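K.L.:
Mind having a look at this structure? Questions to follow.
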Amino acid sequence: MELLALCVALNLNDVHADERPGSIEPLCALLGLDMADWWEAGRATYFARVTKDVILGAFTEAAGAEAAARYKGISKGELARVAERDLVGHRWLPAPLRSVQETGPECVESAGSEGSEGSEGSETTV
């Protein structure tokens, strides 16, 4: 069974440079896979590695604009610690880990268009 799982995982790579939804999305929806069941943002795993604005955005999405405004004036290190403590159990995920159903197609399209200037024509099809 472990060998079968490895073979499937090696063949279901759905990573795209432009963050567009991939072909694995329908399979994940069919199987009911939700990354929030398997991963939670923590200080060491996420918040210490992103900007203060990204952390405040996580607060806004998970706990509301009031929560984000409350912590706006503290340092990034302290904000990462507070985010780890206060966002536990909210099931918040960064956009790349969310399914298309959670983010909506417009979020995925806008995420894919950010920083893609100059990359037109770089996609190759087989």
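All residue names refer to the structure tokens as shown: chains lettered A, B, ... in order, residues numbered from 1 in each chain, ligands numbered from 1 in order.
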Extract, using only C-alpha atoms, all DNA, RNA and protein residues at most 10 Å from Asp34 in chain A, discarding same-chain residues fewer than 5 positions from it, and format them as a PDB file with C-alpha atoms, in the first residue's frame.
P.N.:
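Okay, this is what ended up in out14.pdb:
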ATOM      1  CA  CYS A  28      -9.153  16.699  -4.353  1.00  0.00           C
ATOM      2  CA  ALA A  29     -12.777  17.851  -4.391  1.00  0.00           C
ATOM      3  CA  TRP A  39      -1.513  21.709   8.266  1.00  0.00           C
ATOM      4  CA  ARG A  91      -8.414  26.665   9.916  1.00  0.00           C
ATOM      5  CA  LEU A  97      -2.829  25.821   0.029  1.00  0.00           C
ATOM      6  CA  ARG A  98      -6.521  26.571  -0.427  1.00  0.00           C
ATOM      7  CA  SER A  99      -8.697  24.704  -2.870  1.00  0.00           C
ATOM      8  CA  GLU A 102     -12.377  28.096  -1.016  1.00  0.00           C
TER       9      GLU A 102
END
K.L.:
Please provide the set of residues having any atom within 9 Å of Phe47 in chain A, restricted to only C-alpha atoms, with same-chain residues fewer than 2 positions apart removed, written as a ChimeraX atom specification.
P.N.:
/A:41-45,49-52,54-55,76-77,79-81,83-84
K.L.:
Check the smallest atom-to-atom distance from each of A:Asp53, A:Leu93, A:Phe59, A:Ala65 to Trp38 in chain A using only C-alpha atoms, then report the winner.
P.N.:
A:Leu93
K.L.:
Could you state the separation of CA of Leu87 in chain A and CA of Ala67 in chain A in Å, given to one decimal place?
P.N.:
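Going from CA of Leu87 in chain A over to CA of Ala67 in chain A covers 10.4 Å.
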K.L.:
Given the choices A:Glu25, A:Glu2, A:Asp14, A:Glu40, which gets closest to Val88 in chain A if the distance is worked out from only C-alpha atoms?
P.N.:
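Among the listed residues, A:Glu40 lies closest to Val88 in chain A.
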K.L.:
Please report, as a ChimeraX atom specification, each residue of range 45-107 of chain A to which DSSP assigns alpha helix (DSSP H) when run on this structure's backbone.
P.N.:
/A:52-63,65-70,76-86,100-103,105-107
K.L.:
Report, in Å to a single decimal, how far apart CA of Asp37 in chain A and CA of Ala69 in chain A are.
P.N.:
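Those two atoms sit 28.1 Å apart.
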K.L.:
Distance CA of Leu12 in chain A-CA of Ile24 in chain A, one decimal place?
P.N.:
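Interatomic distance here is 7.0 Å.
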